[in-house]
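Peer 1: Below you'll find the structure I mean.
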Amino acid sequence: MIRSKTHLVLIPSYNTGPLVLETVRQARLQWEPVWVVTDGSSDGTPDALQRMAAGDAGLRVLSLPRNRGKGAAILFALHSAVAEGFTHVLTMDADGQHPASRIPGFMAASAAWPAAMILGVPVFDASAPPLRVGGRKISNWWARLETPGADIGDSLFGFRVYPVAPLLQVMAATRWMRRFDFEPEAAVRMCWRGIPVVNRPAAVRYLTPAEGGVSHFRYGRDNVLLTWMHIRLMLGFALRLPLLLWRLWRRTEALDPDGAGG
């Protein structure tokens, strides 16, 4: 297990049942510290997590009294993290989809490129629902359109490392990014601020209800939310287009200062 004073693992959780306990155990085998934010959970997991934390100095549980959304839960924890001197957070889902074994590799990438976002790119297996896989391709297409030259490998995958300070600045500047729209909007808006991207593959698994799998994604409600998000982002993209193109030109010039092409 690796201990860090700058990088922490952050797990937002809302009514994920016993899966969150196993997710935390696996994360703790890899990293210290690990923080969990229970976002108004009513399934008994806040008490169970507090009991785990009572015997584990490397685990902290933060609890919100009512459900406010994934992004809001992460924002709540970010303020505490920066107050304690943490500079980076790795976010991962509580439902067992994300591979805890990849935590050290992602954190090492963040240490090597501290100014960057380390974005997980999902490697799907046969358990992945085709509708979810197809839907994320659409969202990824929009995210890449909104961030020319940024190379966002996947806009929706929640297994990633953020530099805390710019993420807080981004979230303070908008009233959105508080629910399921958090991941894609965070990736796009961080790119707009010039935060570079490092993509790394990570396996993802979808557990069946029989395996304890819990999903709070609602196809109608959340696809409407994502559609509205991309409308807003496209408007923001149009306003920022000259600056984004200038940054892209500067990046190209830095790579090929003599204009020699390939």
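The way I read the labels, and the way they are meant: chains A, B, ... in the order of the structure tokens, residue 1 as the first residue of every chain, and ligand 1 as the first ligand shown, with later ones counted on from there.
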Would you write out, as JSON lines, a table of all residues in segment 82-149 of chain A that have an atom no more than 7 Å from an atom of segment 6-20 of chain A, listing for each the closest atom pair and the distance in Å to one decimal, considering only C-alpha atoms and ordering rows by chain and rising residue number?
Peer 2:
{"residue": "A:Gly85", "atom": "CA", "partner": "A:Thr6", "partner_atom": "CA", "distance": 6.6}
{"residue": "A:Phe86", "atom": "CA", "partner": "A:Thr6", "partner_atom": "CA", "distance": 4.3}
{"residue": "A:Thr87", "atom": "CA", "partner": "A:Thr6", "partner_atom": "CA", "distance": 5.2}
{"residue": "A:His88", "atom": "CA", "partner": "A:His7", "partner_atom": "CA", "distance": 4.8}
{"residue": "A:Val89", "atom": "CA", "partner": "A:Leu8", "partner_atom": "CA", "distance": 5.0}
{"residue": "A:Leu90", "atom": "CA", "partner": "A:Val9", "partner_atom": "CA", "distance": 4.8}
{"residue": "A:Thr91", "atom": "CA", "partner": "A:Leu10", "partner_atom": "CA", "distance": 4.9}
{"residue": "A:Met92", "atom": "CA", "partner": "A:Ile11", "partner_atom": "CA", "distance": 5.4}
{"residue": "A:Asp93", "atom": "CA", "partner": "A:Ile11", "partner_atom": "CA", "distance": 5.9}
{"residue": "A:Ala94", "atom": "CA", "partner": "A:Val20", "partner_atom": "CA", "distance": 4.8}
{"residue": "A:Asp95", "atom": "CA", "partner": "A:Leu19", "partner_atom": "CA", "distance": 5.4}
{"residue": "A:Gly96", "atom": "CA", "partner": "A:Leu19", "partner_atom": "CA", "distance": 6.3}
Peer 1: Mind dumping the selected residues with N, CA and C atoms as an mmCIF file, in the first residue's frame?
Peer 2:
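Now in part.cif:
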data_model
loop_
_atom_site.group_PDB
_atom_site.id
_atom_site.type_symbol
_atom_site.label_atom_id
_atom_site.label_comp_id
_atom_site.auth_asym_id
_atom_site.auth_seq_id
_atom_site.Cartn_x
_atom_site.Cartn_y
_atom_site.Cartn_z
ATOM 1 N N GLY A 85 -4.189 20.331 2.498
ATOM 2 C CA GLY A 85 -2.948 20.316 1.738
ATOM 3 C C GLY A 85 -2.878 19.325 0.603
ATOM 4 N N PHE A 86 -3.987 18.643 0.297
ATOM 5 C CA PHE A 86 -3.979 17.711 -0.829
ATOM 6 C C PHE A 86 -4.069 18.492 -2.135
ATOM 7 N N THR A 87 -3.304 18.063 -3.106
ATOM 8 C CA THR A 87 -3.248 18.757 -4.392
ATOM 9 C C THR A 87 -3.967 18.013 -5.501
ATOM 10 N N HIS A 88 -4.203 16.716 -5.335
ATOM 11 C CA HIS A 88 -4.819 15.894 -6.377
ATOM 12 C C HIS A 88 -5.771 14.884 -5.749
ATOM 13 N N VAL A 89 -6.850 14.575 -6.477
ATOM 14 C CA VAL A 89 -7.763 13.527 -6.042
ATOM 15 C C VAL A 89 -7.997 12.556 -7.193
ATOM 16 N N LEU A 90 -8.021 11.286 -6.858
ATOM 17 C CA LEU A 90 -8.464 10.254 -7.800
ATOM 18 C C LEU A 90 -9.890 9.897 -7.430
ATOM 19 N N THR A 91 -10.807 10.105 -8.350
ATOM 20 C CA THR A 91 -12.200 9.750 -8.106
ATOM 21 C C THR A 91 -12.486 8.369 -8.691
ATOM 22 N N MET A 92 -13.296 7.607 -7.980
ATOM 23 C CA MET A 92 -13.723 6.299 -8.484
ATOM 24 C C MET A 92 -15.112 6.013 -7.950
ATOM 25 N N ASP A 93 -15.866 5.218 -8.695
ATOM 26 C CA ASP A 93 -17.227 4.888 -8.311
ATOM 27 C C ASP A 93 -17.246 3.898 -7.151
ATOM 28 N N ALA A 94 -18.322 3.943 -6.388
ATOM 29 C CA ALA A 94 -18.456 3.101 -5.204
ATOM 30 C C ALA A 94 -19.020 1.723 -5.509
ATOM 31 N N ASP A 95 -19.474 1.510 -6.746
ATOM 32 C CA ASP A 95 -20.249 0.308 -7.060
ATOM 33 C C ASP A 95 -19.437 -0.847 -7.624
ATOM 34 N N GLY A 96 -18.118 -0.785 -7.509
ATOM 35 C CA GLY A 96 -17.285 -1.899 -7.949
ATOM 36 C C GLY A 96 -16.964 -1.924 -9.422
#
Peer 1: Write out as a VMD selection string the residues lying within 9 Å of Ser110 of chain A, counting only C-alpha atoms and excluding same-chain residues fewer than 4 positions away.
Peer 2: chain A and resid 7 88 105 to 106 114 to 118 161 to 163 198
Peer 1: Those selected residues, please, written with all heavy atoms and delivered as a compact mmCIF listing (two decimals), in the first residue's frame.
Peer 2:
# COMPACT_ATOMS: atom_id res chain seq x y z
N HIS A 7 -1.88 13.22 -2.68
CA HIS A 7 -2.87 12.58 -3.54
C HIS A 7 -3.77 11.67 -2.69
O HIS A 7 -3.28 10.83 -1.94
CB HIS A 7 -2.19 11.71 -4.60
CG HIS A 7 -1.51 12.49 -5.68
ND1 HIS A 7 -0.48 13.38 -5.42
CD2 HIS A 7 -1.70 12.49 -7.03
CE1 HIS A 7 -0.07 13.90 -6.57
NE2 HIS A 7 -0.80 13.39 -7.55
N HIS A 88 -4.20 16.72 -5.34
CA HIS A 88 -4.82 15.89 -6.38
C HIS A 88 -5.77 14.88 -5.75
O HIS A 88 -5.52 14.39 -4.65
CB HIS A 88 -3.76 15.15 -7.19
CG HIS A 88 -2.86 16.04 -7.99
ND1 HIS A 88 -1.85 16.77 -7.41
CD2 HIS A 88 -2.84 16.34 -9.32
CE1 HIS A 88 -1.23 17.48 -8.34
NE2 HIS A 88 -1.81 17.24 -9.50
N GLY A 105 -0.93 3.15 -10.46
CA GLY A 105 -0.46 3.58 -11.78
C GLY A 105 -0.99 4.95 -12.17
O GLY A 105 -0.27 5.78 -12.73
N PHE A 106 -2.27 5.21 -11.87
CA PHE A 106 -2.85 6.52 -12.18
C PHE A 106 -2.22 7.60 -11.30
O PHE A 106 -1.96 8.71 -11.77
CB PHE A 106 -4.37 6.48 -11.98
CG PHE A 106 -5.13 6.03 -13.20
CD1 PHE A 106 -4.90 4.78 -13.76
CD2 PHE A 106 -6.08 6.84 -13.78
CE1 PHE A 106 -5.60 4.36 -14.89
CE2 PHE A 106 -6.79 6.44 -14.90
CZ PHE A 106 -6.54 5.19 -15.47
N PRO A 114 1.94 16.57 -12.99
CA PRO A 114 1.05 17.11 -11.96
C PRO A 114 0.07 18.16 -12.45
O PRO A 114 -0.96 18.39 -11.81
CB PRO A 114 2.02 17.70 -10.93
CG PRO A 114 3.29 17.93 -11.68
CD PRO A 114 3.36 16.84 -12.70
N ALA A 115 0.37 18.80 -13.56
CA ALA A 115 -0.54 19.82 -14.09
C ALA A 115 -1.68 19.21 -14.88
O ALA A 115 -2.63 19.93 -15.24
CB ALA A 115 0.22 20.82 -14.97
N ALA A 116 -1.64 17.93 -15.16
CA ALA A 116 -2.58 17.28 -16.07
C ALA A 116 -3.72 16.59 -15.35
O ALA A 116 -3.63 16.24 -14.17
CB ALA A 116 -1.84 16.28 -16.96
N MET A 117 -4.81 16.36 -16.10
CA MET A 117 -5.83 15.39 -15.70
C MET A 117 -5.40 14.03 -16.22
O MET A 117 -4.97 13.91 -17.38
CB MET A 117 -7.18 15.71 -16.34
CG MET A 117 -7.89 16.92 -15.84
SD MET A 117 -9.55 17.06 -16.63
CE MET A 117 -9.07 17.44 -18.33
N ILE A 118 -5.52 13.01 -15.39
CA ILE A 118 -5.26 11.65 -15.82
C ILE A 118 -6.61 10.99 -16.03
O ILE A 118 -7.31 10.65 -15.06
CB ILE A 118 -4.42 10.87 -14.79
CG1 ILE A 118 -3.23 11.71 -14.31
CG2 ILE A 118 -3.97 9.54 -15.39
CD1 ILE A 118 -2.27 12.12 -15.40
N VAL A 161 -7.85 11.21 -12.29
CA VAL A 161 -7.17 12.04 -11.30
C VAL A 161 -7.26 13.50 -11.73
O VAL A 161 -6.94 13.83 -12.88
CB VAL A 161 -5.68 11.65 -11.13
CG1 VAL A 161 -5.05 12.47 -9.99
CG2 VAL A 161 -5.52 10.17 -10.87
N TYR A 162 -7.70 14.35 -10.81
CA TYR A 162 -7.79 15.79 -11.06
C TYR A 162 -6.78 16.55 -10.21
O TYR A 162 -6.63 16.23 -9.02
CB TYR A 162 -9.17 16.33 -10.66
CG TYR A 162 -10.36 15.81 -11.39
CD1 TYR A 162 -11.15 14.80 -10.83
CD2 TYR A 162 -10.73 16.33 -12.62
CE1 TYR A 162 -12.29 14.34 -11.49
CE2 TYR A 162 -11.87 15.88 -13.28
CZ TYR A 162 -12.63 14.88 -12.71
OH TYR A 162 -13.76 14.43 -13.35
N PRO A 163 -6.15 17.60 -10.76
CA PRO A 163 -5.52 18.59 -9.89
C PRO A 163 -6.61 19.41 -9.21
O PRO A 163 -7.53 19.90 -9.87
CB PRO A 163 -4.67 19.43 -10.85
CG PRO A 163 -5.26 19.19 -12.21
CD PRO A 163 -5.96 17.87 -12.19
N VAL A 198 -3.87 13.37 -19.96
CA VAL A 198 -3.13 12.12 -20.14
C VAL A 198 -4.15 11.00 -20.05
O VAL A 198 -4.87 10.87 -19.05
CB VAL A 198 -2.04 11.93 -19.07
CG1 VAL A 198 -1.37 10.57 -19.21
CG2 VAL A 198 -0.99 13.04 -19.15
Peer 1: Can you pull out every residue within 8 Å of Arg179 of chain A, counting only C-alpha atoms, but drop anything in the same chain fewer than 5 positions away, and send it as number ranges by chain?
Peer 2: A: 68-72
Peer 1: Contacts of Val61 of chain A at 10 Å or less, counting only C-alpha atoms, minus same-chain residues fewer than 6 places along, as a list in words?
Peer 2: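 My list of contacting residues is Leu10, Ile11, Pro12, Val34, Trp35, Val36, Val37, Thr38, Pro46, Asp47, Leu49, Gln50, Arg51, Met52, Ala53, Ala54 and Ala77 of chain A.
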Peer 1: For atom CA of Ile138 of chain A and atom CA of Leu241 of chain A, quote the distance in Å rounded to one decimal.
Peer 2: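 According to the coordinates, atom CA of Ile138 of chain A and atom CA of Leu241 of chain A are separated by 21.2 Å.
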Peer 1: So what do you get for atom CA of Phe237 of chain A versus atom CA of Leu145 of chain A, distance-wise?
Peer 2: 8.9 Å
Peer 1: Work out how far atom CA of Ser101 of chain A is from atom CA of Ala83 of chain A, in Å to one decimal.
Peer 2: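 The value is 27.8 Å.
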Peer 1: Using only C-alpha atoms, determine which residues lie at most 9 Å from Arg102 of chain A, disregarding the query and same-chain residues fewer than 3 positions distant; provide the list as a list in words.
Peer 2: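 Listed by chain and then number, they are Gln30, His98, Pro99, Gly105, Phe106, Met107, Ala202 and Ala203 of chain A.
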Peer 1: Save out the residues we just selected, N, CA and C atoms, as a PDB file, in the first residue's frame.
Peer 2:
ATOM      1  N   GLN A  30      -4.583  -0.541  -1.778  1.00  0.00           N
ATOM      2  CA  GLN A  30      -3.690   0.103  -2.735  1.00  0.00           C
ATOM      3  C   GLN A  30      -3.185   1.462  -2.263  1.00  0.00           C
ATOM      4  N   HIS A  98     -14.961   0.180 -11.080  1.00  0.00           N
ATOM      5  CA  HIS A  98     -13.618   0.659 -11.399  1.00  0.00           C
ATOM      6  C   HIS A  98     -12.536  -0.201 -10.735  1.00  0.00           C
ATOM      7  N   PRO A  99     -11.386  -0.362 -11.388  1.00  0.00           N
ATOM      8  CA  PRO A  99     -10.351  -1.283 -10.899  1.00  0.00           C
ATOM      9  C   PRO A  99      -9.427  -0.630  -9.876  1.00  0.00           C
ATOM     10  N   GLY A 105      -0.930   3.154 -10.465  1.00  0.00           N
ATOM     11  CA  GLY A 105      -0.464   3.580 -11.778  1.00  0.00           C
ATOM     12  C   GLY A 105      -0.994   4.951 -12.167  1.00  0.00           C
ATOM     13  N   PHE A 106      -2.267   5.206 -11.874  1.00  0.00           N
ATOM     14  CA  PHE A 106      -2.847   6.519 -12.180  1.00  0.00           C
ATOM     15  C   PHE A 106      -2.217   7.601 -11.305  1.00  0.00           C
ATOM     16  N   MET A 107      -1.975   7.289 -10.047  1.00  0.00           N
ATOM     17  CA  MET A 107      -1.340   8.267  -9.165  1.00  0.00           C
ATOM     18  C   MET A 107       0.099   8.540  -9.601  1.00  0.00           C
ATOM     19  N   ALA A 202      -8.271   1.533 -18.501  1.00  0.00           N
ATOM     20  CA  ALA A 202      -8.660   0.882 -17.246  1.00  0.00           C
ATOM     21  C   ALA A 202      -9.880   0.015 -17.519  1.00  0.00           C
ATOM     22  N   ALA A 203      -9.831  -1.204 -17.042  1.00  0.00           N
ATOM     23  CA  ALA A 203     -10.962  -2.117 -17.233  1.00  0.00           C
ATOM     24  C   ALA A 203     -12.166  -1.635 -16.442  1.00  0.00           C
TER      25      ALA A 203
END
Peer 1: Run DSSP on the backbone and give me the residues of segment 102-234 of chain A it puts in helix (DSSP H, G or I), as a PyMOL selection string.
Peer 2: chain A and resi 102-112+130-146+164-172+182-192+209-211+219-234
Peer 1: I need the chosen residues saved as a tab-separated table (two decimals), in the first residue's frame, with C-alpha atoms.
Peer 2:
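Just written: again.tsv:
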chain	number	residue	atom	x	y	z
A	102	ARG	CA	-5.01	0.67	-11.20
A	103	ILE	CA	-4.90	3.33	-8.47
A	104	PRO	CA	-1.08	3.31	-8.03
A	105	GLY	CA	-0.46	3.58	-11.78
A	106	PHE	CA	-2.85	6.52	-12.18
A	107	MET	CA	-1.34	8.27	-9.17
A	108	ALA	CA	2.16	7.73	-10.54
A	109	ALA	CA	1.08	9.28	-13.83
A	110	SER	CA	-0.30	12.25	-11.91
A	111	ALA	CA	2.98	12.65	-10.03
A	112	ALA	CA	4.83	12.62	-13.35
A	130	PRO	CA	-24.62	-2.09	-25.49
A	131	LEU	CA	-26.95	0.86	-24.93
A	132	ARG	CA	-24.54	2.39	-22.41
A	133	VAL	CA	-21.52	1.79	-24.66
A	134	GLY	CA	-23.27	3.32	-27.65
A	135	GLY	CA	-24.53	6.29	-25.66
A	136	ARG	CA	-21.08	7.22	-24.38
A	137	LYS	CA	-19.74	7.27	-27.94
A	138	ILE	CA	-22.17	10.11	-28.66
A	139	SER	CA	-21.13	12.03	-25.55
A	140	ASN	CA	-17.45	11.51	-26.37
A	141	TRP	CA	-17.98	12.83	-29.90
A	142	TRP	CA	-19.49	16.02	-28.52
A	143	ALA	CA	-16.75	16.43	-25.89
A	144	ARG	CA	-14.03	16.15	-28.54
A	145	LEU	CA	-15.83	18.64	-30.74
A	146	GLU	CA	-15.96	21.07	-27.81
A	164	VAL	CA	-7.67	20.06	-7.13
A	165	ALA	CA	-7.05	23.81	-7.47
A	166	PRO	CA	-8.18	24.23	-11.11
A	167	LEU	CA	-11.12	21.87	-10.59
A	168	LEU	CA	-12.34	24.01	-7.69
A	169	GLN	CA	-11.97	27.12	-9.86
A	170	VAL	CA	-13.98	25.52	-12.65
A	171	MET	CA	-16.76	24.42	-10.31
A	172	ALA	CA	-16.93	27.81	-8.59
A	182	PHE	CA	-20.02	16.24	-13.50
A	183	GLU	CA	-17.49	14.05	-15.35
A	184	PRO	CA	-18.01	15.22	-18.95
A	185	GLU	CA	-18.38	18.88	-18.02
A	186	ALA	CA	-15.33	18.75	-15.75
A	187	ALA	CA	-13.23	17.27	-18.56
A	188	VAL	CA	-14.36	19.87	-21.09
A	189	ARG	CA	-14.09	22.89	-18.81
A	190	MET	CA	-10.69	21.85	-17.48
A	191	CYS	CA	-9.46	21.57	-21.07
A	192	TRP	CA	-10.83	25.06	-21.75
A	209	PRO	CA	-28.48	-7.04	-9.89
A	210	ALA	CA	-27.82	-10.60	-8.74
A	211	GLU	CA	-24.21	-9.60	-8.05
A	219	TYR	CA	-31.82	6.84	-19.48
A	220	GLY	CA	-34.54	9.44	-20.00
A	221	ARG	CA	-33.74	11.86	-17.19
A	222	ASP	CA	-29.96	11.70	-17.46
A	223	ASN	CA	-29.81	11.79	-21.25
A	224	VAL	CA	-31.89	14.98	-21.10
A	225	LEU	CA	-29.39	16.33	-18.57
A	226	LEU	CA	-26.45	15.42	-20.82
A	227	THR	CA	-28.15	16.90	-23.88
A	228	TRP	CA	-28.72	20.19	-22.07
A	229	MET	CA	-25.13	20.08	-20.85
A	230	HIS	CA	-23.76	19.74	-24.40
A	231	ILE	CA	-25.99	22.59	-25.61
A	232	ARG	CA	-24.50	24.79	-22.91
A	233	LEU	CA	-20.98	23.60	-23.65
A	234	MET	CA	-21.37	24.24	-27.37
Peer 1: Using only C-alpha atoms, which residue out of A:Pro196, A:Pro201, A:Pro33, A:Gly149 lies closest to Ala81 of chain A?
Peer 2: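 The shortest atom-to-atom distance to Ala81 of chain A comes from A:Pro33.
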Peer 1: Would you mind telling me which residue in A:Ala126, A:Ala238, A:Leu243, A:Ala150 lies nearest to Tyr206 of chain A when using only C-alpha atoms?
Peer 2: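 Counting only C-alpha atoms, the residue closest to Tyr206 of chain A is A:Ala126.
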Peer 1: When you count only C-alpha atoms, which of these residues is closest to Phe180 of chain A: A:Ile2, A:Ile74, A:Val82, A:Leu239?
Peer 2: A:Ile74
